[in-house]
file query_38.txt (compact mmCIF, N, CA, C and O atoms)
# COMPACT_ATOMS: atom_id res chain seq x y z
N MET A 1 111.51 54.49 124.06
CA MET A 1 112.81 54.50 123.41
C MET A 1 113.84 55.21 124.28
O MET A 1 114.96 54.74 124.42
N PHE A 2 113.42 56.36 124.84
CA PHE A 2 114.34 57.10 125.70
C PHE A 2 114.70 56.29 126.93
O PHE A 2 115.86 56.31 127.37
N TRP A 3 113.73 55.58 127.50
CA TRP A 3 113.99 54.83 128.73
C TRP A 3 114.94 53.66 128.47
O TRP A 3 115.75 53.32 129.33
N ILE A 4 114.86 53.05 127.32
CA ILE A 4 115.79 51.97 126.98
C ILE A 4 117.20 52.52 126.86
O ILE A 4 118.15 51.96 127.41
N PHE A 5 117.34 53.65 126.17
CA PHE A 5 118.64 54.30 126.03
C PHE A 5 119.18 54.71 127.39
O PHE A 5 120.34 54.50 127.71
N TYR A 6 118.33 55.29 128.23
CA TYR A 6 118.73 55.73 129.56
C TYR A 6 119.16 54.54 130.41
O TYR A 6 120.18 54.60 131.11
N LEU A 7 118.45 53.44 130.36
CA LEU A 7 118.79 52.24 131.12
C LEU A 7 120.11 51.65 130.66
O LEU A 7 120.95 51.26 131.49
N LEU A 8 120.33 51.60 129.36
CA LEU A 8 121.60 51.09 128.84
C LEU A 8 122.77 51.98 129.25
O LEU A 8 123.83 51.48 129.65
N CYS A 9 122.58 53.28 129.18
CA CYS A 9 123.64 54.21 129.59
C CYS A 9 123.92 54.11 131.08
O CYS A 9 125.08 54.12 131.50
N ALA A 10 122.88 53.99 131.89
CA ALA A 10 123.07 53.87 133.33
C ALA A 10 123.80 52.58 133.67
O ALA A 10 124.72 52.58 134.51
N THR A 11 123.46 51.49 133.02
CA THR A 11 124.14 50.22 133.25
C THR A 11 125.60 50.31 132.85
O THR A 11 126.49 49.86 133.59
N TYR A 12 125.88 50.89 131.70
CA TYR A 12 127.25 51.05 131.23
C TYR A 12 128.08 51.88 132.21
O TYR A 12 129.19 51.52 132.58
N CYS A 13 127.51 53.00 132.67
CA CYS A 13 128.24 53.88 133.58
C CYS A 13 128.46 53.24 134.95
O CYS A 13 129.53 53.42 135.55
N ILE A 14 127.50 52.51 135.45
CA ILE A 14 127.67 51.85 136.75
C ILE A 14 128.73 50.76 136.66
O ILE A 14 129.54 50.59 137.58
N ILE A 15 128.77 50.03 135.55
CA ILE A 15 129.81 49.01 135.38
C ILE A 15 131.19 49.66 135.33
O ILE A 15 132.13 49.19 135.95
N LYS A 16 131.31 50.77 134.59
CA LYS A 16 132.59 51.49 134.54
C LYS A 16 132.98 52.02 135.92
O LYS A 16 134.15 51.99 136.30
N LEU A 17 132.01 52.51 136.70
CA LEU A 17 132.27 53.01 138.04
C LEU A 17 132.75 51.88 138.95
O LEU A 17 133.71 52.07 139.71
N GLN A 18 132.13 50.71 138.86
CA GLN A 18 132.56 49.57 139.66
C GLN A 18 133.99 49.15 139.31
O GLN A 18 134.78 48.84 140.20
N LYS A 19 134.32 49.13 138.03
CA LYS A 19 135.68 48.78 137.62
C LYS A 19 136.69 49.77 138.16
O LYS A 19 137.78 49.40 138.58
N THR A 20 136.34 51.05 138.16
CA THR A 20 137.23 52.08 138.69
C THR A 20 137.47 51.88 140.18
O THR A 20 138.59 51.96 140.65
N TYR A 21 136.41 51.60 140.91
CA TYR A 21 136.55 51.38 142.35
C TYR A 21 137.36 50.13 142.65
O TYR A 21 138.13 50.09 143.59
N LYS A 22 137.18 49.08 141.85
CA LYS A 22 137.95 47.86 142.08
C LYS A 22 139.43 48.07 141.77
O LYS A 22 140.29 47.50 142.41
N ASN A 23 139.74 48.89 140.78
CA ASN A 23 141.15 49.18 140.47
C ASN A 23 141.80 50.02 141.55
O ASN A 23 142.99 49.88 141.81
N ARG A 24 141.04 50.89 142.20
CA ARG A 24 141.59 51.73 143.27
C ARG A 24 141.77 50.96 144.57
O ARG A 24 142.63 51.29 145.37
N SER A 25 140.97 49.95 144.80
CA SER A 25 141.02 49.21 146.05
C SER A 25 142.21 48.26 146.04
O SER A 25 142.48 47.57 145.06
N LEU A 26 142.93 48.21 147.15
CA LEU A 26 144.12 47.36 147.23
C LEU A 26 143.79 45.90 147.53
O LEU A 26 144.48 45.01 147.09
N ASP A 27 142.74 45.64 148.28
CA ASP A 27 142.40 44.28 148.66
C ASP A 27 141.28 43.67 147.83
O ASP A 27 140.82 42.58 148.13
N GLY A 28 140.83 44.35 146.80
CA GLY A 28 139.80 43.82 145.92
C GLY A 28 138.39 44.09 146.40
O GLY A 28 137.42 43.75 145.74
N VAL A 29 138.24 44.69 147.57
CA VAL A 29 136.92 45.01 148.11
C VAL A 29 136.72 46.51 147.99
O VAL A 29 137.65 47.28 148.19
N ILE A 30 135.52 46.92 147.67
CA ILE A 30 135.24 48.35 147.60
C ILE A 30 135.33 48.90 149.00
O ILE A 30 134.53 48.58 149.87
N GLY A 31 136.32 49.74 149.24
CA GLY A 31 136.56 50.26 150.57
C GLY A 31 135.84 51.56 150.85
O GLY A 31 135.76 51.99 151.99
N VAL A 32 135.29 52.18 149.85
CA VAL A 32 134.59 53.45 150.04
C VAL A 32 133.11 53.23 149.81
O VAL A 32 132.69 52.21 149.29
N SER A 33 132.34 54.21 150.17
CA SER A 33 130.90 54.15 149.94
C SER A 33 130.59 54.99 148.71
O SER A 33 130.58 56.23 148.78
N PRO A 34 130.34 54.37 147.59
CA PRO A 34 130.14 55.12 146.35
C PRO A 34 128.70 55.62 146.15
O PRO A 34 128.26 55.75 145.03
N GLY A 35 127.99 55.88 147.23
CA GLY A 35 126.58 56.26 147.13
C GLY A 35 126.35 57.53 146.34
O GLY A 35 125.53 57.57 145.43
N LEU A 36 127.06 58.61 146.71
CA LEU A 36 126.85 59.88 146.01
C LEU A 36 127.35 59.81 144.57
O LEU A 36 126.74 60.40 143.67
N ASP A 37 128.45 59.10 144.36
CA ASP A 37 128.94 58.93 142.99
C ASP A 37 127.92 58.19 142.13
O ASP A 37 127.68 58.56 140.98
N THR A 38 127.31 57.16 142.69
CA THR A 38 126.32 56.39 141.95
C THR A 38 125.10 57.23 141.62
O THR A 38 124.56 57.15 140.51
N ILE A 39 124.65 58.06 142.56
CA ILE A 39 123.49 58.92 142.30
C ILE A 39 123.79 59.87 141.15
O ILE A 39 122.98 60.04 140.24
N MET A 40 124.96 60.49 141.16
CA MET A 40 125.32 61.42 140.09
C MET A 40 125.50 60.70 138.76
O MET A 40 125.10 61.22 137.71
N VAL A 41 126.08 59.52 138.79
CA VAL A 41 126.26 58.76 137.55
C VAL A 41 124.91 58.37 136.97
O VAL A 41 124.71 58.45 135.76
N VAL A 42 123.98 57.97 137.80
CA VAL A 42 122.65 57.60 137.30
C VAL A 42 121.95 58.82 136.71
O VAL A 42 121.30 58.72 135.67
N MET A 43 122.10 59.96 137.35
CA MET A 43 121.45 61.17 136.83
C MET A 43 122.07 61.64 135.51
O MET A 43 121.37 62.09 134.61
N LEU A 44 123.38 61.55 135.39
CA LEU A 44 124.08 62.06 134.21
C LEU A 44 124.50 60.96 133.23
O LEU A 44 125.31 61.21 132.34
N SER A 45 123.98 59.77 133.40
CA SER A 45 124.47 58.63 132.61
C SER A 45 124.39 58.81 131.09
O SER A 45 125.33 58.42 130.40
N PRO A 46 123.33 59.37 130.51
CA PRO A 46 123.35 59.51 129.04
C PRO A 46 124.49 60.39 128.55
O PRO A 46 125.15 60.07 127.56
N ILE A 47 124.75 61.47 129.25
CA ILE A 47 125.82 62.38 128.85
C ILE A 47 127.18 61.72 129.03
O ILE A 47 128.03 61.74 128.14
N LEU A 48 127.37 61.09 130.19
CA LEU A 48 128.66 60.45 130.49
C LEU A 48 128.96 59.29 129.55
O LEU A 48 130.10 59.12 129.10
N ALA A 49 127.95 58.50 129.23
CA ALA A 49 128.16 57.36 128.35
C ALA A 49 128.54 57.81 126.94
O ALA A 49 129.46 57.25 126.33
N VAL A 50 127.85 58.80 126.42
CA VAL A 50 128.15 59.29 125.07
C VAL A 50 129.56 59.86 125.02
O VAL A 50 130.33 59.59 124.08
N ILE A 51 129.95 60.63 126.03
CA ILE A 51 131.30 61.21 126.06
C ILE A 51 132.34 60.12 126.17
O ILE A 51 133.36 60.14 125.46
N ASP A 52 132.13 59.13 127.05
CA ASP A 52 133.11 58.06 127.23
C ASP A 52 133.27 57.22 125.97
O ASP A 52 134.39 56.91 125.56
N ILE A 53 132.18 56.87 125.34
CA ILE A 53 132.26 56.07 124.12
C ILE A 53 132.93 56.86 123.01
O ILE A 53 133.75 56.32 122.25
N SER A 54 132.62 58.14 122.89
CA SER A 54 133.26 58.98 121.86
C SER A 54 134.76 59.08 122.07
O SER A 54 135.54 58.93 121.13
N LEU A 55 135.17 59.35 123.31
CA LEU A 55 136.61 59.47 123.59
C LEU A 55 137.34 58.14 123.40
O LEU A 55 138.47 58.12 122.91
N THR A 56 136.70 57.05 123.76
CA THR A 56 137.31 55.73 123.54
C THR A 56 137.47 55.46 122.05
O THR A 56 138.52 54.98 121.61
N TRP A 57 136.45 55.78 121.26
CA TRP A 57 136.54 55.57 119.82
C TRP A 57 137.64 56.44 119.21
O TRP A 57 138.41 55.97 118.36
N LEU A 58 137.74 57.69 119.64
CA LEU A 58 138.80 58.57 119.12
C LEU A 58 140.19 58.07 119.49
O LEU A 58 141.11 58.11 118.68
N ARG A 59 140.34 57.55 120.72
CA ARG A 59 141.64 57.02 121.14
C ARG A 59 142.02 55.79 120.31
O ARG A 59 143.15 55.67 119.84
N LEU A 60 141.07 54.90 120.09
CA LEU A 60 141.34 53.71 119.28
C LEU A 60 141.67 54.08 117.83
O LEU A 60 142.57 53.50 117.21
N TYR A 61 140.97 55.06 117.29
CA TYR A 61 141.23 55.52 115.92
C TYR A 61 142.63 56.12 115.82
O TYR A 61 143.36 55.85 114.86
N LYS A 62 143.01 56.92 116.82
CA LYS A 62 144.34 57.54 116.82
C LYS A 62 145.43 56.47 116.91
O LYS A 62 146.43 56.54 116.19
N GLU A 63 145.24 55.47 117.77
CA GLU A 63 146.22 54.39 117.88
C GLU A 63 146.33 53.60 116.59
O GLU A 63 147.42 53.20 116.18
N ALA A 64 145.21 53.39 115.91
CA ALA A 64 145.24 52.66 114.63
C ALA A 64 145.97 53.46 113.56
O ALA A 64 146.74 52.90 112.77
N GLU A 65 145.76 54.77 113.53
CA GLU A 65 146.47 55.61 112.57
C GLU A 65 147.98 55.61 112.84
O GLU A 65 148.78 55.56 111.90
N GLU A 66 148.36 55.67 114.12
CA GLU A 66 149.79 55.64 114.45
C GLU A 66 150.41 54.31 114.06
O GLU A 66 151.52 54.27 113.54
N ALA A 67 149.69 53.21 114.29
CA ALA A 67 150.20 51.90 113.91
C ALA A 67 150.32 51.80 112.39
O ALA A 67 151.28 51.22 111.87
N LYS A 68 149.37 52.38 111.68
CA LYS A 68 149.42 52.37 110.21
C LYS A 68 150.62 53.15 109.71
O LYS A 68 151.32 52.69 108.81
N ARG A 69 150.89 54.31 110.32
CA ARG A 69 152.06 55.11 109.92
C ARG A 69 153.36 54.37 110.22
O ARG A 69 154.29 54.38 109.42
N ARG A 70 153.43 53.75 111.39
CA ARG A 70 154.64 52.99 111.74
C ARG A 70 154.85 51.82 110.79
O ARG A 70 155.97 51.52 110.40
N ASN A 71 153.77 51.19 110.40
CA ASN A 71 153.84 50.06 109.49
C ASN A 71 154.29 50.50 108.11
O ASN A 71 155.02 49.78 107.42
N GLU A 72 153.86 51.69 107.67
CA GLU A 72 154.26 52.20 106.36
C GLU A 72 155.75 52.59 106.36
O GLU A 72 156.41 52.48 105.34
N ASN A 73 156.24 53.07 107.49
CA ASN A 73 157.65 53.48 107.56
C ASN A 73 158.59 52.28 107.53
O ASN A 73 159.75 52.43 107.14
N ILE A 74 158.14 51.14 107.95
CA ILE A 74 158.99 49.95 107.94
C ILE A 74 159.26 49.49 106.53
O ILE A 74 160.38 49.09 106.20
N TYR A 75 158.29 49.57 105.62
CA TYR A 75 158.48 49.09 104.25
C TYR A 75 159.01 50.14 103.37
O TYR A 75 158.98 51.10 103.06

call {"tool": "encode", "arguments": {"input": "query_38.txt", "output": "structure tokens"}}
result
Amino acid sequence: MFWIFYLLCATYCIIKLQKTYKNRSLDGVIGVSPGLDTIMVVMLSPILAVIDISLTWLRLYKEAEEAKRRNENIY
């Protein structure tokens, strides 16, 4: 069970890392060597994934509440 969770978290974090590198690159090619970053992400992936998902959920919840307040003020 732990290994499945760990594998899912590592996959999620590596995909997020790749997206970050692609956004930083001007020509669409990864211009840096993300070796050390990948090693650290794989080691810390369960912690990083839980934090990232939690912060994303909180941001979406906050945006929904603000939209709800704005919608109530219009009527």

call {"tool": "closest_residue", "arguments": {"input": "query_38.txt", "among": "A:Lys68, A:Leu48, A:Leu36, A:Lys62", "to": "Cys13 of chain A", "atoms": "only C-alpha atoms"}}
result
A:Leu48

call {"tool": "atom_distance", "arguments": {"input": "query_38.txt", "atom1": "atom C of Tyr6 of chain A", "atom2": "atom O of Pro34 of chain A"}}
result
17.3 Å

call {"tool": "select_by_dssp", "arguments": {"input": "query_38.txt", "residues": "chain A", "states": "alpha helix (DSSP H)", "output": "short mmCIF file (atom, residue, chain, number, x, y, z; two decimals) with N, CA, C and O atoms, in the coordinates of the input"}}
result
data_model
loop_
_atom_site.label_atom_id
_atom_site.label_comp_id
_atom_site.auth_asym_id
_atom_site.auth_seq_id
_atom_site.Cartn_x
_atom_site.Cartn_y
_atom_site.Cartn_z
N PHE A 2 113.42 56.36 124.84
CA PHE A 2 114.34 57.10 125.70
C PHE A 2 114.70 56.29 126.93
O PHE A 2 115.86 56.31 127.37
N TRP A 3 113.73 55.58 127.50
CA TRP A 3 113.99 54.83 128.73
C TRP A 3 114.94 53.66 128.47
O TRP A 3 115.75 53.32 129.33
N ILE A 4 114.86 53.05 127.32
CA ILE A 4 115.79 51.97 126.98
C ILE A 4 117.20 52.52 126.86
O ILE A 4 118.15 51.96 127.41
N PHE A 5 117.34 53.65 126.17
CA PHE A 5 118.64 54.30 126.03
C PHE A 5 119.18 54.71 127.39
O PHE A 5 120.34 54.50 127.71
N TYR A 6 118.33 55.29 128.23
CA TYR A 6 118.73 55.73 129.56
C TYR A 6 119.16 54.54 130.41
O TYR A 6 120.18 54.60 131.11
N LEU A 7 118.45 53.44 130.36
CA LEU A 7 118.79 52.24 131.12
C LEU A 7 120.11 51.65 130.66
O LEU A 7 120.95 51.26 131.49
N LEU A 8 120.33 51.60 129.36
CA LEU A 8 121.60 51.09 128.84
C LEU A 8 122.77 51.98 129.25
O LEU A 8 123.83 51.48 129.65
N CYS A 9 122.58 53.28 129.18
CA CYS A 9 123.64 54.21 129.59
C CYS A 9 123.92 54.11 131.08
O CYS A 9 125.08 54.12 131.50
N ALA A 10 122.88 53.99 131.89
CA ALA A 10 123.07 53.87 133.33
C ALA A 10 123.80 52.58 133.67
O ALA A 10 124.72 52.58 134.51
N THR A 11 123.46 51.49 133.02
CA THR A 11 124.14 50.22 133.25
C THR A 11 125.60 50.31 132.85
O THR A 11 126.49 49.86 133.59
N TYR A 12 125.88 50.89 131.70
CA TYR A 12 127.25 51.05 131.23
C TYR A 12 128.08 51.88 132.21
O TYR A 12 129.19 51.52 132.58
N CYS A 13 127.51 53.00 132.67
CA CYS A 13 128.24 53.88 133.58
C CYS A 13 128.46 53.24 134.95
O CYS A 13 129.53 53.42 135.55
N ILE A 14 127.50 52.51 135.45
CA ILE A 14 127.67 51.85 136.75
C ILE A 14 128.73 50.76 136.66
O ILE A 14 129.54 50.59 137.58
N ILE A 15 128.77 50.03 135.55
CA ILE A 15 129.81 49.01 135.38
C ILE A 15 131.19 49.66 135.33
O ILE A 15 132.13 49.19 135.95
N LYS A 16 131.31 50.77 134.59
CA LYS A 16 132.59 51.49 134.54
C LYS A 16 132.98 52.02 135.92
O LYS A 16 134.15 51.99 136.30
N LEU A 17 132.01 52.51 136.70
CA LEU A 17 132.27 53.01 138.04
C LEU A 17 132.75 51.88 138.95
O LEU A 17 133.71 52.07 139.71
N GLN A 18 132.13 50.71 138.86
CA GLN A 18 132.56 49.57 139.66
C GLN A 18 133.99 49.15 139.31
O GLN A 18 134.78 48.84 140.20
N LYS A 19 134.32 49.13 138.03
CA LYS A 19 135.68 48.78 137.62
C LYS A 19 136.69 49.77 138.16
O LYS A 19 137.78 49.40 138.58
N THR A 20 136.34 51.05 138.16
CA THR A 20 137.23 52.08 138.69
C THR A 20 137.47 51.88 140.18
O THR A 20 138.59 51.96 140.65
N TYR A 21 136.41 51.60 140.91
CA TYR A 21 136.55 51.38 142.35
C TYR A 21 137.36 50.13 142.65
O TYR A 21 138.13 50.09 143.59
N LYS A 22 137.18 49.08 141.85
CA LYS A 22 137.95 47.86 142.08
C LYS A 22 139.43 48.07 141.77
O LYS A 22 140.29 47.50 142.41
N ASN A 23 139.74 48.89 140.78
CA ASN A 23 141.15 49.18 140.47
C ASN A 23 141.80 50.02 141.55
O ASN A 23 142.99 49.88 141.81
N ARG A 24 141.04 50.89 142.20
CA ARG A 24 141.59 51.73 143.27
C ARG A 24 141.77 50.96 144.57
O ARG A 24 142.63 51.29 145.37
N GLY A 35 127.99 55.88 147.23
CA GLY A 35 126.58 56.26 147.13
C GLY A 35 126.35 57.53 146.34
O GLY A 35 125.53 57.57 145.43
N LEU A 36 127.06 58.61 146.71
CA LEU A 36 126.85 59.88 146.01
C LEU A 36 127.35 59.81 144.57
O LEU A 36 126.74 60.40 143.67
N ASP A 37 128.45 59.10 144.36
CA ASP A 37 128.94 58.93 142.99
C ASP A 37 127.92 58.19 142.13
O ASP A 37 127.68 58.56 140.98
N THR A 38 127.31 57.16 142.69
CA THR A 38 126.32 56.39 141.95
C THR A 38 125.10 57.23 141.62
O THR A 38 124.56 57.15 140.51
N ILE A 39 124.65 58.06 142.56
CA ILE A 39 123.49 58.92 142.30
C ILE A 39 123.79 59.87 141.15
O ILE A 39 122.98 60.04 140.24
N MET A 40 124.96 60.49 141.16
CA MET A 40 125.32 61.42 140.09
C MET A 40 125.50 60.70 138.76
O MET A 40 125.10 61.22 137.71
N VAL A 41 126.08 59.52 138.79
CA VAL A 41 126.26 58.76 137.55
C VAL A 41 124.91 58.37 136.97
O VAL A 41 124.71 58.45 135.76
N VAL A 42 123.98 57.97 137.80
CA VAL A 42 122.65 57.60 137.30
C VAL A 42 121.95 58.82 136.71
O VAL A 42 121.30 58.72 135.67
N MET A 43 122.10 59.96 137.35
CA MET A 43 121.45 61.17 136.83
C MET A 43 122.07 61.64 135.51
O MET A 43 121.37 62.09 134.61
N LEU A 44 123.38 61.55 135.39
CA LEU A 44 124.08 62.06 134.21
C LEU A 44 124.50 60.96 133.23
O LEU A 44 125.31 61.21 132.34
N SER A 45 123.98 59.77 133.40
CA SER A 45 124.47 58.63 132.61
C SER A 45 124.39 58.81 131.09
O SER A 45 125.33 58.42 130.40
N PRO A 46 123.33 59.37 130.51
CA PRO A 46 123.35 59.51 129.04
C PRO A 46 124.49 60.39 128.55
O PRO A 46 125.15 60.07 127.56
N ILE A 47 124.75 61.47 129.25
CA ILE A 47 125.82 62.38 128.85
C ILE A 47 127.18 61.72 129.03
O ILE A 47 128.03 61.74 128.14
N LEU A 48 127.37 61.09 130.19
CA LEU A 48 128.66 60.45 130.49
C LEU A 48 128.96 59.29 129.55
O LEU A 48 130.10 59.12 129.10
N ALA A 49 127.95 58.50 129.23
CA ALA A 49 128.16 57.36 128.35
C ALA A 49 128.54 57.81 126.94
O ALA A 49 129.46 57.25 126.33
N VAL A 50 127.85 58.80 126.42
CA VAL A 50 128.15 59.29 125.07
C VAL A 50 129.56 59.86 125.02
O VAL A 50 130.33 59.59 124.08
N ILE A 51 129.95 60.63 126.03
CA ILE A 51 131.30 61.21 126.06
C ILE A 51 132.34 60.12 126.17
O ILE A 51 133.36 60.14 125.46
N ASP A 52 132.13 59.13 127.05
CA ASP A 52 133.11 58.06 127.23
C ASP A 52 133.27 57.22 125.97
O ASP A 52 134.39 56.91 125.56
N ILE A 53 132.18 56.87 125.34
CA ILE A 53 132.26 56.07 124.12
C ILE A 53 132.93 56.86 123.01
O ILE A 53 133.75 56.32 122.25
N SER A 54 132.62 58.14 122.89
CA SER A 54 133.26 58.98 121.86
C SER A 54 134.76 59.08 122.07
O SER A 54 135.54 58.93 121.13
N LEU A 55 135.17 59.35 123.31
CA LEU A 55 136.61 59.47 123.59
C LEU A 55 137.34 58.14 123.40
O LEU A 55 138.47 58.12 122.91
N THR A 56 136.70 57.05 123.76
CA THR A 56 137.31 55.73 123.54
C THR A 56 137.47 55.46 122.05
O THR A 56 138.52 54.98 121.61
N TRP A 57 136.45 55.78 121.26
CA TRP A 57 136.54 55.57 119.82
C TRP A 57 137.64 56.44 119.21
O TRP A 57 138.41 55.97 118.36
N LEU A 58 137.74 57.69 119.64
CA LEU A 58 138.80 58.57 119.12
C LEU A 58 140.19 58.07 119.49
O LEU A 58 141.11 58.11 118.68
N ARG A 59 140.34 57.55 120.72
CA ARG A 59 141.64 57.02 121.14
C ARG A 59 142.02 55.79 120.31
O ARG A 59 143.15 55.67 119.84
N LEU A 60 141.07 54.90 120.09
CA LEU A 60 141.34 53.71 119.28
C LEU A 60 141.67 54.08 117.83
O LEU A 60 142.57 53.50 117.21
N TYR A 61 140.97 55.06 117.29
CA TYR A 61 141.23 55.52 115.92
C TYR A 61 142.63 56.12 115.82
O TYR A 61 143.36 55.85 114.86
N LYS A 62 143.01 56.92 116.82
CA LYS A 62 144.34 57.54 116.82
C LYS A 62 145.43 56.47 116.91
O LYS A 62 146.43 56.54 116.19
N GLU A 63 145.24 55.47 117.77
CA GLU A 63 146.22 54.39 117.88
C GLU A 63 146.33 53.60 116.59
O GLU A 63 147.42 53.20 116.18
N ALA A 64 145.21 53.39 115.91
CA ALA A 64 145.24 52.66 114.63
C ALA A 64 145.97 53.46 113.56
O ALA A 64 146.74 52.90 112.77
N GLU A 65 145.76 54.77 113.53
CA GLU A 65 146.47 55.61 112.57
C GLU A 65 147.98 55.61 112.84
O GLU A 65 148.78 55.56 111.90
N GLU A 66 148.36 55.67 114.12
CA GLU A 66 149.79 55.64 114.45
C GLU A 66 150.41 54.31 114.06
O GLU A 66 151.52 54.27 113.54
N ALA A 67 149.69 53.21 114.29
CA ALA A 67 150.20 51.90 113.91
C ALA A 67 150.32 51.80 112.39
O ALA A 67 151.28 51.22 111.87
N LYS A 68 149.37 52.38 111.68
CA LYS A 68 149.42 52.37 110.21
C LYS A 68 150.62 53.15 109.71
O LYS A 68 151.32 52.69 108.81
N ARG A 69 150.89 54.31 110.32
CA ARG A 69 152.06 55.11 109.92
C ARG A 69 153.36 54.37 110.22
O ARG A 69 154.29 54.38 109.42
N ARG A 70 153.43 53.75 111.39
CA ARG A 70 154.64 52.99 111.74
C ARG A 70 154.85 51.82 110.79
O ARG A 70 155.97 51.52 110.40
N ASN A 71 153.77 51.19 110.40
CA ASN A 71 153.84 50.06 109.49
C ASN A 71 154.29 50.50 108.11
O ASN A 71 155.02 49.78 107.42
N GLU A 72 153.86 51.69 107.67
CA GLU A 72 154.26 52.20 106.36
C GLU A 72 155.75 52.59 106.36
O GLU A 72 156.41 52.48 105.34
N ASN A 73 156.24 53.07 107.49
CA ASN A 73 157.65 53.48 107.56
C ASN A 73 158.59 52.28 107.53
O ASN A 73 159.75 52.43 107.14
N ILE A 74 158.14 51.14 107.95
CA ILE A 74 158.99 49.95 107.94
C ILE A 74 159.26 49.49 106.53
O ILE A 74 160.38 49.09 106.20
#

call {"tool": "atom_distance", "arguments": {"input": "query_38.txt", "atom1": "atom O of Ile53 of chain A", "atom2": "atom O of Gly35 of chain A"}}
result
24.6 Å

call {"tool": "atom_distance", "arguments": {"input": "query_38.txt", "atom1": "atom CA of Leu58 of chain A", "atom2": "atom CA of Thr11 of chain A"}}
result
22.0 Å

call {"tool": "residues_around", "arguments": {"input": "query_38.txt", "residues": "Asp37 of chain A", "least_positions_apart": "6", "cutoff": "8 Å", "atoms": "only N, CA, C and O atoms", "output": "list in words"}}
result
Cys13, Ile14, Leu17, Met43 and Leu44 of chain A

call {"tool": "closest_residue", "arguments": {"input": "query_38.txt", "among": "A:Leu60, A:Ala67, A:Cys9, A:Ile4", "to": "Ser45 of chain A", "atoms": "only C-alpha atoms"}}
result
A:Cys9

call {"tool": "closest_residue", "arguments": {"input": "query_38.txt", "among": "A:Pro46, A:Lys22, A:Glu63, A:Met40", "to": "Ala10 of chain A", "atoms": "all atoms listed in the file"}}
result
A:Pro46
